[in-house]
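Shown next: upload.cif, given as mmCIF, C-alpha atoms.
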data_model
#
loop_
_atom_site.label_atom_id
_atom_site.label_comp_id
_atom_site.auth_asym_id
_atom_site.auth_seq_id
_atom_site.Cartn_x
_atom_site.Cartn_y
_atom_site.Cartn_z
CA MET A 6 0.00 0.00 0.00
CA ARG A 7 3.08 2.16 -0.10
CA ASP A 8 2.27 3.76 -3.49
CA LEU A 9 -1.17 4.90 -2.35
CA TYR A 10 0.27 6.12 0.92
CA GLU A 11 3.00 8.18 -0.75
CA ALA A 12 0.67 9.70 -3.37
CA GLN A 13 -1.86 10.89 -0.81
CA ARG A 14 0.87 12.04 1.54
CA ALA A 15 2.38 14.14 -1.26
CA MET A 16 -0.95 15.88 -1.80
CA ARG A 17 -1.24 16.50 1.94
CA GLN A 18 2.20 18.10 1.90
CA ALA A 19 1.19 20.25 -1.08
CA ARG A 20 -1.82 21.46 0.90
CA ARG A 21 0.34 22.37 3.88
CA ALA A 22 2.80 24.19 1.59
CA ALA A 23 -0.02 26.23 0.03
CA MET A 24 -1.40 27.05 3.48
CA ALA A 25 2.07 28.16 4.59
CA ARG A 26 2.13 30.58 1.65
CA GLY A 27 -1.29 31.80 2.77
CA VAL A 28 -3.66 30.98 -0.11
CA LEU A 29 -5.36 27.90 -1.54
CA ALA A 30 -8.02 27.46 -4.25
CA LEU A 31 -10.98 25.08 -4.06
CA LEU A 32 -12.79 23.72 -7.12
CA ASP A 33 -16.23 22.15 -7.19
CA ILE A 34 -16.56 20.73 -10.70
CA GLY A 35 -20.16 19.65 -11.09
CA THR A 36 -22.45 18.71 -13.94
CA SER A 37 -24.30 22.04 -13.92
CA LYS A 38 -21.71 24.50 -12.54
CA VAL A 39 -18.04 25.01 -11.74
CA THR A 40 -17.32 27.01 -8.59
CA CYS A 41 -13.95 28.27 -7.44
CA ILE A 42 -13.27 29.94 -4.11
CA ILE A 43 -9.90 31.14 -2.85
CA LEU A 44 -9.06 30.91 0.83
CA GLU A 45 -6.61 33.07 2.74
CA PHE A 46 -5.22 31.48 5.88
CA ASP A 47 -4.66 33.55 8.99
CA GLY A 48 -2.55 31.09 10.96
CA PRO A 49 -3.26 28.18 13.28
CA GLY A 50 -6.76 27.98 14.70
CA GLN A 51 -7.93 26.60 18.00
CA PHE A 52 -10.21 23.57 17.72
CA ARG A 53 -11.48 21.29 20.44
CA GLY A 54 -10.52 17.66 20.18
CA ALA A 55 -14.19 16.68 20.59
CA ASP A 56 -15.06 18.42 17.33
CA GLY A 57 -14.03 15.35 15.38
CA VAL A 58 -11.16 17.23 13.74
CA GLY A 59 -8.08 15.05 13.50
CA PRO A 60 -5.08 16.02 15.63
CA MET A 61 -2.58 14.83 13.03
CA ALA A 62 -3.98 16.43 9.89
CA GLY A 63 -3.27 20.06 10.87
CA GLN A 64 -5.81 22.87 11.07
CA SER A 65 -5.89 26.58 10.33
CA SER A 66 -8.36 29.44 10.38
CA PHE A 67 -9.29 31.04 7.05
CA ARG A 68 -11.49 33.46 5.15
CA VAL A 69 -12.73 33.64 1.56
CA ILE A 70 -11.05 36.34 -0.55
CA GLY A 71 -12.16 35.29 -4.05
CA GLN A 72 -15.14 33.42 -5.47
CA PHE A 73 -16.61 32.78 -8.91
CA THR A 74 -19.17 30.42 -10.46
CA THR A 75 -19.67 29.59 -14.12
CA GLN A 76 -21.81 27.16 -16.07
CA SER A 77 -20.26 23.72 -16.40
CA ARG A 78 -19.65 22.10 -19.76
CA GLY A 79 -18.10 18.80 -20.67
CA VAL A 80 -19.16 17.10 -17.41
CA ARG A 81 -21.82 14.40 -17.28
CA TYR A 82 -22.95 12.45 -14.23
CA GLY A 83 -20.17 14.11 -12.22
CA GLU A 84 -17.40 12.89 -14.56
CA ILE A 85 -15.38 14.72 -17.23
CA GLU A 86 -16.63 13.75 -20.66
CA ALA A 87 -15.18 16.52 -22.88
CA MET A 88 -11.75 17.55 -21.61
CA ALA A 89 -11.33 20.74 -23.66
CA GLU A 90 -14.72 22.16 -22.65
CA THR A 91 -14.16 21.34 -18.98
CA GLU A 92 -10.71 22.93 -19.11
CA ARG A 93 -12.19 26.18 -20.45
CA CYS A 94 -14.78 26.24 -17.67
CA VAL A 95 -12.17 25.59 -14.98
CA ARG A 96 -9.86 28.27 -16.36
CA HIS A 97 -12.77 30.74 -16.46
CA ALA A 98 -13.75 29.98 -12.86
CA ILE A 99 -10.15 30.18 -11.62
CA GLN A 100 -9.54 33.45 -13.46
CA GLY A 101 -12.70 35.02 -12.09
CA ALA A 102 -11.81 34.09 -8.51
CA GLN A 103 -8.20 35.27 -8.98
CA ASN A 104 -9.37 38.62 -10.33
CA GLN A 105 -11.53 39.16 -7.25
CA ALA A 106 -8.77 38.04 -4.88
CA GLY A 107 -6.13 40.08 -6.68
CA LEU A 108 -3.57 37.27 -6.72
CA ARG A 109 -2.62 34.06 -8.50
CA VAL A 110 -3.07 30.55 -7.10
CA ASP A 111 -1.22 27.40 -8.11
CA HIS A 112 -2.62 24.74 -5.72
CA VAL A 113 -6.22 23.52 -5.73
CA ILE A 114 -8.31 20.97 -3.87
CA ALA A 115 -11.13 19.53 -5.97
CA THR A 116 -14.30 17.54 -5.40
CA ILE A 117 -15.41 14.36 -7.14
CA SER A 118 -19.12 13.52 -7.29
CA GLY A 119 -19.11 10.72 -9.88
CA GLY A 120 -16.92 7.69 -10.28
CA ARG A 121 -19.35 5.13 -8.79
CA PRO A 122 -18.29 5.54 -5.13
CA ALA A 123 -18.22 2.42 -2.94
CA SER A 124 -17.69 2.19 0.83
CA TYR A 125 -15.85 -0.47 2.80
CA GLY A 126 -15.40 -1.03 6.51
CA LEU A 127 -11.94 -2.23 7.52
CA ALA A 128 -10.71 -3.41 10.92
CA GLY A 129 -7.25 -3.97 12.36
CA GLU A 130 -5.69 -4.94 15.68
CA VAL A 131 -2.13 -4.97 17.07
CA PRO A 132 -0.56 -5.72 20.47
CA LEU A 133 0.88 -2.85 22.52
CA ARG A 134 4.43 -3.86 23.35
CA SER A 135 5.09 -0.87 25.61
CA GLY A 136 1.84 -1.20 27.56
CA LYS A 137 0.40 2.06 26.20
CA VAL A 138 -0.46 3.53 22.80
CA ALA A 139 2.47 5.23 21.10
CA GLU A 140 2.51 7.20 17.85
CA ALA A 141 3.95 4.24 15.97
CA ASP A 142 1.17 1.94 17.22
CA ILE A 143 -1.47 4.04 15.44
CA GLY A 144 0.31 3.68 12.10
CA ALA A 145 0.80 -0.02 12.79
CA VAL A 146 -2.86 -0.72 13.53
CA LEU A 147 -3.94 1.16 10.39
CA ALA A 148 -1.47 -0.86 8.35
CA ALA A 149 -2.85 -4.04 9.95
CA CYS A 150 -6.29 -3.52 8.39
CA GLU A 151 -6.95 -6.30 5.91
CA VAL A 152 -7.86 -4.75 2.58
CA PRO A 153 -10.50 -6.51 0.46
CA ASP A 154 -10.42 -6.81 -3.30
CA PHE A 155 -11.88 -3.50 -4.47
CA GLY A 156 -11.91 -4.65 -8.08
CA ARG A 157 -9.91 -3.46 -11.06
CA ASN A 158 -9.34 0.22 -11.75
CA ARG A 159 -10.45 1.47 -8.34
CA ASP A 160 -8.70 4.20 -6.35
CA VAL A 161 -9.03 5.01 -2.66
CA LEU A 162 -10.38 8.54 -2.19
CA HIS A 163 -10.80 8.55 1.62
CA ALA A 164 -9.40 6.22 4.29
CA GLN A 165 -10.48 7.55 7.67
CA PRO A 166 -10.15 5.87 11.07
CA VAL A 167 -13.58 6.27 12.64
CA ASN A 168 -13.09 4.44 15.93
CA PHE A 169 -10.19 3.33 18.11
CA ALA A 170 -10.41 0.80 20.94
CA VAL A 171 -7.88 -0.07 23.62
CA ASP A 172 -8.73 -3.43 25.17
CA ALA A 173 -12.41 -3.11 26.15
CA ARG A 174 -12.55 0.68 25.82
CA SER A 175 -14.09 1.70 22.49
CA GLY A 176 -15.15 5.02 20.99
CA LEU A 177 -11.73 6.67 21.35
CA SER A 178 -10.95 9.47 18.88
CA ASP A 179 -7.33 9.89 19.99
CA PRO A 180 -5.93 6.80 21.75
CA ARG A 181 -2.39 8.08 22.25
CA ASP A 182 -0.90 7.40 25.71
CA ILE A 183 -3.89 5.25 26.73
CA VAL A 184 -2.68 2.28 28.79
CA GLY A 185 -3.64 -1.18 27.56
CA ASN A 186 -2.54 -4.40 25.89
CA ARG A 187 -4.17 -4.27 22.45
CA LEU A 188 -5.13 -1.48 20.07
CA ALA A 189 -7.93 -1.93 17.52
CA VAL A 190 -9.30 0.38 14.85
CA ASP A 191 -12.33 0.60 12.57
CA MET A 192 -11.70 2.44 9.32
CA HIS A 193 -13.96 3.65 6.53
CA VAL A 194 -12.53 3.46 3.01
CA LEU A 195 -14.22 5.12 0.04
CA THR A 196 -13.17 4.05 -3.45
CA ILE A 197 -14.02 5.42 -6.90
CA ASP A 198 -13.16 4.65 -10.51
CA SER A 199 -9.52 5.39 -11.28
CA THR A 200 -10.47 6.80 -14.70
CA THR A 201 -12.49 9.56 -13.04
CA VAL A 202 -9.50 10.52 -10.88
CA SER A 203 -7.06 10.36 -13.81
CA ASN A 204 -9.22 12.64 -15.97
CA LEU A 205 -9.54 15.18 -13.17
CA ILE A 206 -5.78 15.18 -12.53
CA HIS A 207 -5.14 15.58 -16.25
CA CYS A 208 -7.58 18.51 -16.41
CA MET A 209 -5.78 20.24 -13.52
CA ARG A 210 -2.44 19.83 -15.27
CA ARG A 211 -3.82 21.29 -18.49
CA CYS A 212 -4.92 24.30 -16.44
CA ASP A 213 -1.38 24.65 -14.97
CA LEU A 214 -2.63 23.80 -11.49
CA GLU A 215 -1.14 21.48 -8.89
CA LEU A 216 -3.60 19.20 -7.13
CA ALA A 217 -3.29 19.54 -3.36
CA GLY A 218 -6.10 17.17 -2.47
CA LEU A 219 -9.28 15.40 -3.54
CA GLY A 220 -12.53 15.12 -1.64
CA SER A 221 -15.83 13.37 -2.13
CA ALA A 222 -18.61 15.83 -2.92
CA ALA A 223 -21.02 13.80 -0.77
CA TYR A 224 -18.60 13.99 2.17
CA ALA A 225 -18.03 17.72 1.71
CA ALA A 226 -21.75 18.46 1.45
CA GLY A 227 -22.38 16.51 4.66
CA ARG A 228 -19.76 18.48 6.57
CA ALA A 229 -21.34 21.74 5.45
CA ALA A 230 -25.07 20.97 5.71
CA LEU A 231 -25.28 18.79 8.83
CA VAL A 232 -25.28 20.52 12.19
CA GLU A 233 -23.07 19.21 15.00
CA ASP A 234 -25.77 17.11 16.68
CA GLU A 235 -26.72 15.45 13.40
CA GLN A 236 -23.12 14.48 12.68
CA GLU A 237 -22.78 13.12 16.21
CA LEU A 238 -26.05 11.17 16.57
CA GLY A 239 -26.44 9.91 13.02
CA ALA A 240 -27.77 11.57 9.88
CA ALA A 241 -27.83 11.14 6.12
CA CYS A 242 -26.96 13.98 3.76
CA ILE A 243 -28.61 13.81 0.33
CA ASP A 244 -26.75 16.15 -2.04
CA MET A 245 -28.95 16.61 -5.12
CA GLY A 246 -26.64 17.87 -7.82
CA GLY A 247 -27.22 18.36 -11.50
CA GLY A 248 -25.98 14.95 -12.64
CA VAL A 249 -25.50 12.91 -9.46
CA THR A 250 -27.35 12.62 -6.15
CA GLY A 251 -24.75 11.90 -3.50
CA VAL A 252 -25.59 10.07 -0.27
CA SER A 253 -23.37 10.20 2.83
CA LEU A 254 -24.00 8.84 6.32
CA PHE A 255 -22.42 10.41 9.40
CA LEU A 256 -22.13 9.13 12.97
CA LYS A 257 -19.84 10.30 15.78
CA LYS A 258 -18.78 13.14 13.43
CA HIS A 259 -17.28 10.74 10.90
CA MET A 260 -18.55 9.64 7.51
CA LEU A 261 -19.33 5.94 7.72
CA PHE A 262 -20.78 5.35 4.26
CA ALA A 263 -21.13 7.07 0.90
CA ASP A 264 -22.75 6.20 -2.39
CA ALA A 265 -24.48 7.97 -5.25
CA VAL A 266 -27.53 7.72 -7.47
CA PRO A 267 -26.45 8.50 -11.08
CA MET A 268 -29.37 10.87 -11.56
CA GLY A 269 -29.85 14.51 -10.68
CA SER A 270 -31.89 17.62 -11.30
CA GLU A 271 -30.58 17.92 -14.86
CA LEU A 272 -32.69 14.89 -15.80
CA VAL A 273 -35.75 16.68 -14.42
CA THR A 274 -34.96 19.59 -16.73
CA ARG A 275 -34.59 17.26 -19.72
CA ASP A 276 -37.91 15.59 -18.90
CA ILE A 277 -39.60 19.00 -18.95
CA SER A 278 -37.90 19.87 -22.23
CA GLN A 279 -39.08 16.68 -23.89
CA GLY A 280 -42.51 16.57 -22.29
CA LEU A 281 -43.44 20.17 -23.13
CA ARG A 282 -41.31 20.40 -26.32
CA VAL A 283 -39.38 23.45 -25.17
CA PRO A 284 -35.63 24.24 -25.21
CA ILE A 285 -33.46 23.29 -22.25
CA THR A 286 -33.13 26.93 -21.19
CA VAL A 287 -36.90 27.34 -21.07
CA ALA A 288 -37.27 24.02 -19.24
CA GLU A 289 -34.77 25.14 -16.59
CA TRP A 290 -36.67 28.42 -16.18
CA LEU A 291 -39.94 26.54 -15.79
CA LYS A 292 -38.42 24.20 -13.19
CA THR A 293 -36.91 26.95 -11.06
CA ARG A 294 -39.72 29.52 -11.35
CA HIS A 295 -42.88 27.42 -11.51
CA GLY A 296 -41.86 23.86 -10.64
CA GLY A 297 -43.17 21.80 -7.75
CA LEU A 298 -44.03 18.28 -6.65
CA GLU A 299 -47.34 18.60 -4.79
CA ALA A 300 -50.29 19.40 -7.04
CA THR A 301 -53.37 21.24 -5.75
CA GLY A 302 -56.74 22.01 -7.26
CA ARG A 303 -55.68 25.49 -8.36
CA ASP A 304 -52.70 24.20 -10.37
CA ASP A 305 -55.02 23.15 -13.21
CA ARG A 306 -56.08 26.79 -13.56
CA GLU A 307 -52.61 28.31 -13.24
CA MET A 308 -51.42 28.75 -16.82
CA ILE A 309 -47.76 29.46 -17.59
CA PRO A 310 -46.81 31.19 -20.88
CA VAL A 311 -43.98 29.45 -22.77
CA THR A 312 -42.28 30.07 -26.10
CA ASP A 313 -41.51 27.25 -28.51
CA GLY A 314 -38.07 27.24 -30.09
CA ASN A 315 -35.26 29.57 -29.07
CA PRO A 316 -36.39 31.81 -26.19
CA ASP A 317 -34.43 34.71 -27.77
CA ASP A 318 -36.44 34.36 -30.96
CA GLN A 319 -39.21 36.94 -30.73
CA GLY A 320 -41.06 35.23 -33.54
CA GLY A 321 -41.48 31.96 -31.65
CA GLU A 322 -44.97 30.62 -31.11
CA ARG A 323 -46.34 31.37 -27.66
CA ARG A 324 -48.61 28.96 -25.84
CA HIS A 325 -49.67 28.15 -22.28
CA VAL A 326 -49.17 25.06 -20.12
CA SER A 327 -50.75 24.39 -16.76
CA ARG A 328 -48.65 24.07 -13.62
CA ALA A 329 -50.37 20.73 -12.99
CA ASP A 330 -48.89 19.41 -16.26
CA LEU A 331 -45.45 20.66 -15.19
CA ILE A 332 -45.73 18.94 -11.81
CA GLY A 333 -46.91 15.76 -13.52
CA ILE A 334 -43.68 15.68 -15.54
CA MET A 335 -41.33 16.52 -12.65
CA ARG A 336 -42.71 14.23 -9.95
CA PRO A 337 -42.03 10.78 -11.52
CA ARG A 338 -38.35 11.55 -12.07
CA VAL A 339 -37.88 12.87 -8.52
CA GLU A 340 -39.66 9.78 -7.16
CA GLU A 341 -37.26 7.62 -9.16
CA ILE A 342 -34.28 9.45 -7.63
CA PHE A 343 -35.59 8.97 -4.10
CA ASP A 344 -36.34 5.32 -4.77
CA GLY A 345 -32.62 4.96 -5.52
CA VAL A 346 -31.73 6.89 -2.37
CA ARG A 347 -33.99 4.64 -0.29
CA GLU A 348 -32.27 1.53 -1.65
CA ILE A 349 -28.89 2.98 -0.65
CA LEU A 350 -30.06 3.86 2.87
CA ASP A 351 -31.56 0.40 3.35
CA ALA A 352 -28.37 -1.29 2.16
CA ALA A 353 -26.28 0.87 4.49
CA GLY A 354 -28.40 0.01 7.54
CA PHE A 355 -29.47 3.59 8.14
CA ASP A 356 -32.46 2.44 10.20
CA GLN A 357 -30.05 1.09 12.84
CA MET A 358 -28.61 4.51 13.64
CA PRO A 359 -29.48 6.17 16.98
CA ALA A 360 -31.01 9.18 15.21
CA ARG A 361 -32.32 8.95 11.68
CA GLN A 362 -32.35 12.48 10.33
CA VAL A 363 -32.20 13.09 6.59
CA VAL A 364 -30.91 16.44 5.30
CA LEU A 365 -31.48 17.47 1.68
CA THR A 366 -29.05 19.89 0.09
CA GLY A 367 -27.69 20.74 -3.35
CA GLY A 368 -29.34 22.72 -6.13
CA GLY A 369 -32.10 20.16 -6.67
CA SER A 370 -33.23 20.43 -3.05
CA GLN A 371 -34.83 23.81 -3.76
CA ILE A 372 -37.78 22.32 -5.66
CA PRO A 373 -40.96 23.18 -3.69
CA GLY A 374 -42.48 20.19 -1.95
CA LEU A 375 -39.32 18.11 -2.12
CA ASP A 376 -39.05 17.58 1.64
CA THR A 377 -42.66 16.39 1.84
CA LEU A 378 -42.18 13.90 -0.99
CA ALA A 379 -38.86 12.71 0.47
CA THR A 380 -40.48 12.09 3.87
CA ARG A 381 -43.22 10.03 2.24
CA ILE A 382 -40.81 7.88 0.19
CA LEU A 383 -37.91 7.51 2.63
CA GLY A 384 -39.96 7.26 5.82
CA TYR A 385 -37.62 9.43 7.93
CA ASN A 386 -37.57 12.97 9.25
CA VAL A 387 -36.41 15.22 6.42
CA ARG A 388 -35.29 18.84 6.39
CA ILE A 389 -33.72 21.16 3.80
CA GLY A 390 -30.13 22.03 4.72
CA ARG A 391 -28.08 25.05 3.77
CA PRO A 392 -24.30 25.21 4.13
CA LEU A 393 -22.74 26.80 7.18
CA ARG A 394 -21.60 30.40 6.83
CA ILE A 395 -17.85 30.87 6.49
CA GLN A 396 -16.04 34.18 6.77
CA GLY A 397 -15.92 36.21 3.56
CA LEU A 398 -18.35 34.08 1.57
CA ALA A 399 -20.74 36.10 -0.59
CA GLN A 400 -24.47 35.75 -0.06
CA GLN A 401 -25.03 34.08 -3.44
CA HIS A 402 -22.62 31.31 -2.49
CA THR A 403 -24.50 30.42 0.70
CA ALA A 404 -27.30 28.69 -1.24
CA ALA A 405 -27.81 24.95 -0.94
CA CYS A 406 -26.26 24.36 -4.37
CA HIS A 407 -22.88 25.42 -2.92
CA ALA A 408 -22.91 23.01 0.04
CA ALA A 409 -20.11 20.89 -1.43
CA THR A 410 -17.98 23.99 -2.03
CA VAL A 411 -18.36 25.21 1.55
CA GLY A 412 -17.74 21.71 2.88
CA LEU A 413 -14.58 21.50 0.78
CA ALA A 414 -13.34 24.66 2.51
CA LEU A 415 -13.93 23.03 5.90
CA HIS A 416 -12.20 19.87 4.68
CA ALA A 417 -9.20 21.87 3.44
CA ALA A 418 -8.70 23.99 6.55
CA ASN A 419 -9.88 21.52 9.21
CA PRO A 420 -9.25 18.03 7.80
CA GLN A 421 -10.07 14.88 9.67
CA ASP A 422 -7.38 12.27 10.16
CA GLU A 423 -6.76 9.92 7.26
CA TRP A 424 -4.47 6.94 6.85
CA TRP A 425 -1.74 9.03 5.23
CA ASP A 426 -1.49 11.43 8.20
CA PHE A 427 0.30 8.72 10.19
CA GLU A 428 3.71 7.18 9.74
CA MET A 429 3.22 3.86 8.00
CA PRO A 430 5.51 1.09 9.30
CA ALA A 431 7.45 -1.25 7.08
CA GLU A 432 5.87 -4.60 6.33
CA ARG A 433 5.98 -6.71 9.45
CA ALA A 434 5.60 -10.43 9.95
CA GLY A 435 2.34 -11.50 11.54
CA VAL A 436 0.24 -8.62 10.19
CA ALA A 437 -2.55 -10.33 8.27
CA GLY A 438 -3.24 -9.16 4.76
CA ILE A 439 -0.73 -6.30 4.51
CA GLY A 440 1.52 -8.08 2.01
CA ARG A 441 -1.41 -8.80 -0.27
CA ALA A 442 -2.64 -5.22 0.11
CA ILE A 443 0.74 -3.79 -0.93
CA ARG A 444 0.89 -6.03 -3.99
CA TRP A 445 -2.68 -5.13 -4.96
CA PHE A 446 -2.11 -1.39 -4.77
CA ARG A 447 1.18 -1.56 -6.67
CA ALA A 448 -0.66 -3.37 -9.45
CA ASN A 449 -3.69 -1.05 -9.58
CA TRP A 450 -2.77 2.44 -8.31
#

Final structure tokens representation of the file:
Amino acid sequence: MRDLYEAQRAMRQARRAAMARGVLALLDIGTSKVTCIILEFDGPGQFRGADGVGPMAGQSSFRVIGQFTTQSRGVRYGEIEAMAETERCVRHAIQGAQNQAGLRVDHVIATISGGRPASYGLAGEVPLRSGKVAEADIGAVLAACEVPDFGRNRDVLHAQPVNFAVDARSGLSDPRDIVGNRLAVDMHVLTIDSTTVSNLIHCMRRCDLELAGLGSAAYAAGRAALVEDEQELGAACIDMGGGVTGVSLFLKKHMLFADAVPMGSELVTRDISQGLRVPITVAEWLKTRHGGLEATGRDDREMIPVTDGNPDDQGGERRHVSRADLIGIMRPRVEEIFDGVREILDAAGFDQMPARQVVLTGGGSQIPGLDTLATRILGYNVRIGRPLRIQGLAQQHTAACHAATVGLALHAANPQDEWWDFEMPAERAGVAGIGRAIRWFRANW
């Protein structure tokens, strides 16, 4: 596993180097938009250990000094499909944020929403030779986790220890200097398609940017939209993007599971376009201005004027459609998305969590009546979540569609511990599975 370890560790060092210089850019490359924000770091911040922020990863306080959003092109289902078009969008977003900040950035941390994410739970255990937990023991127990066969062309995006146990004491976030005989760990590993990662890295290089980190969009959205109690007691964050609906489960302030439904609000727009025979731009306007999911008796009488053909063409034929017809087109697709979300939650065992709160965020969460429909389909308490406010962020970037961007800022400045934050020991005899894991990663990373 040395190759994976060194690659992720190099990105972590690049992040620290950028923070030492004082600025770092964040990129949320989605199906419908590309957002760039630039952070300025003010020096080390003070964070309580109980906040779930890792002691090894390094933290800093920050503020936003540049921000820009542009329409995304060349991205489908959260993955780059047309490299040249995506490169132009990224360059435009970076340039806009740099102009506002008044400086140039070279290092970026980016989100990934596609790539067919898959979660795994790993466990490891080692004896404590000194009778208490030392720094080296943490790296050893992480290296002792037996890695399953993830399949061909899969990369590890996150590898986070979510629970430490010393003998019979479990639930430890920082086990260092705890006296005992054996140290155990539970770790969550999130993998994605290696092609998705490779295309994103290649796009950053074409834009003359150095990648200082990667983060799951579902994980970032959860960190931004879930309040502290929800992250502690158990909650699911449903990030409804343009091409992908990300699902992440949090407990004890750690992400325990992530997956995605390869459908998003862009499909709702396309359904409207095809059902009402209007251009995509008109369909998007209808969805955002007049859309909904709960029909009433008055919706049959509420007529909406639309123009066939190009909306800029003044000679286009004008006609009227009822809001009830619009709702009738939107609702089946949204129900299909939530049916997929329900399958993911059932497979993840969400009903076994102490608290079962569902938080909807992302651009698609703004459809009127969405929370009511989600409650009916999922069977849990549902609320609409907006990202937390961070210093310097403009009002237009505090909308739910920017939850992943705000969460990425929290992830960049206040990262949780990951495998590569600890010193990894050399291969040792008696550690089950580590030799096979190293061979597997050398063959596939």

>> Running the PyMOL selection byres ((chain A and resi 117) around 7) on this model by hand, what would come out? Give it as a ChimeraX atom specification.
In response: /A:83,115-116,118-119,220-222

>> Can you pull out the residues contacting Arg210 (chain A)? Cut-off 12 Å, using all atoms listed in the file, and skip same-chain residues under 2 positions away; I want them as a ChimeraX atom specification.
In response: /A:88,92,95-96,111-113,203-208,212-217

Taking 2 positions as the minimum chain separation for residues in the same chain, which residues sit within 7 Å of region 354-368 of chain A when counting all atoms listed in the file? Answer as a compact mmCIF listing (two decimals) with C-alpha atoms, in the frame of the given file.
# COMPACT_ATOMS: atom_id res chain seq x y z
CA ALA A 230 -25.07 20.97 5.71
CA LEU A 238 -26.05 11.17 16.57
CA GLY A 239 -26.44 9.91 13.02
CA ALA A 240 -27.77 11.57 9.88
CA ALA A 241 -27.83 11.14 6.12
CA CYS A 242 -26.96 13.98 3.76
CA ILE A 243 -28.61 13.81 0.33
CA ASP A 244 -26.75 16.15 -2.04
CA MET A 245 -28.95 16.61 -5.12
CA GLY A 246 -26.64 17.87 -7.82
CA LEU A 350 -30.06 3.86 2.87
CA ASP A 351 -31.56 0.40 3.35
CA ALA A 352 -28.37 -1.29 2.16
CA SER A 370 -33.23 20.43 -3.05
CA GLN A 371 -34.83 23.81 -3.76
CA TYR A 385 -37.62 9.43 7.93
CA ASN A 386 -37.57 12.97 9.25
CA VAL A 387 -36.41 15.22 6.42
CA ARG A 388 -35.29 18.84 6.39
CA ILE A 389 -33.72 21.16 3.80
CA GLY A 390 -30.13 22.03 4.72
CA ARG A 391 -28.08 25.05 3.77
CA ALA A 405 -27.81 24.95 -0.94
CA CYS A 406 -26.26 24.36 -4.37
CA HIS A 407 -22.88 25.42 -2.92
CA ALA A 408 -22.91 23.01 0.04

>> When you count only C-alpha atoms, which of these residues is closest to Gly156 (chain A): A:Leu254, A:Ala417, A:Leu281, A:Ile197?
In response: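 Closest to Gly156 (chain A) of all the choices is A:Ile197.
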
>> Could you check the closest approach to Asp154 (chain A) for each of A:Leu256, A:Leu127, A:Glu271, A:Ser135 and tell me which residue wins, using only C-alpha atoms?
In response: A:Leu127

> For this file, the PyMOL selection byres ((chain A and resi 326) around 9) selects which residues, as a PyMOL selection string?
Replying inline: chain A and resi 281+307-311+324-325+327-331

> Of the residues A:Met192, A:Ile372, A:Met24, A:Leu298, which is the one nearest to Ser270 (chain A), using only C-alpha atoms?
Replying inline: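 Closest to Ser270 (chain A) of all the choices is A:Ile372.
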
> Do you know which residues the PyMOL selection byres ((chain A and resi 267) around 10) returns on this file, as a list in words?
Replying inline: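 The output of the PyMOL selection byres ((chain A and resi 267) around 10) on this file is Arg81, Tyr82, Gly83, Ser118, Gly119, Gly120, Arg121, Gly246, Gly247, Gly248, Val249, Thr250, Gly251, Asp264, Ala265, Val266, Met268, Gly269, Ile342 and Gly345 of chain A.
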
>> Using only C-alpha atoms - which residues lie no farther than 7 Å from the point (-4.1, -3.7, 25.6) in the file's frame? Write them as a list in words.
In response: Pro132, Leu133, Gly136, Val171, Asp172, Val184, Gly185, Asn186, Arg187 and Leu188 of chain A

> By how many Å are CA of Phe255 (chain A) and CA of Arg228 (chain A) apart?
Replying inline: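 Between CA of Phe255 (chain A) and CA of Arg228 (chain A) the gap is 9.0 Å.
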
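Shortest separation to Arg282 (chain A) among A:Phe46, A:Thr75, A:Thr312, A:Asp426 occurs at residue A:Thr312, atoms counted being only C-alpha atoms.
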
> Neighbours of Ala170 (chain A) within 9 Å (all atoms listed in the file; same-chain residues fewer than 4 positions away dropped), as a list in words?
Replying inline: Arg174, Ser175, Gly176, Leu177, Ser178, Pro180, Arg187, Leu188, Ala189, Val190 and Asp191 of chain A

>> Just the number, please: distance in Å from CA of Glu151 (chain A) to CA of Thr196 (chain A), one decimal.
In response: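 So the answer is 15.3 Å.
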
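The spacing separating CA of Ile114 (chain A) from CA of Arg21 (chain A) amounts to 11.7 Å.
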
Find the residues around Val80 (chain A) up to 7 Å (all atoms listed in the file counted), leave out those fewer than 3 positions away in its own chain, and share them as a CSV table (one decimal) with C-alpha atoms, in the frame of the given file.
chain,number,residue,atom,x,y,z
A,35,GLY,CA,-20.2,19.6,-11.1
A,36,THR,CA,-22.4,18.7,-13.9
A,77,SER,CA,-20.3,23.7,-16.4
A,83,GLY,CA,-20.2,14.1,-12.2
A,84,GLU,CA,-17.4,12.9,-14.6
A,85,ILE,CA,-15.4,14.7,-17.2
A,86,GLU,CA,-16.6,13.8,-20.7
A,87,ALA,CA,-15.2,16.5,-22.9
A,91,THR,CA,-14.2,21.3,-19.0

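The closest residue to Val411 (chain A), picked from A:Ile285, A:Cys94, A:Ala148, A:Ala226 and counting all atoms listed in the file, is A:Ala226.
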
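Using only C-alpha atoms, the protein and nucleic acid residues lying no more than 10 Å from Val69 (chain A), apart from those fewer than 2 places from it along its own chain, are A:Val28, A:Leu29, A:Ala30, A:Ile42, A:Ile43, A:Leu44, A:Glu45, A:Phe46, A:Phe67, A:Gly71, A:Gln72, A:Ala106, A:Ile395, A:Gln396, A:Gly397, A:Leu398, A:Ala399, A:Ala414.
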
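With all atoms listed in the file as the atoms that count, the residue of A:Asp422, A:Asp304, A:Asp376, A:Asp179 with the shortest distance to His163 (chain A) is A:Asp422.
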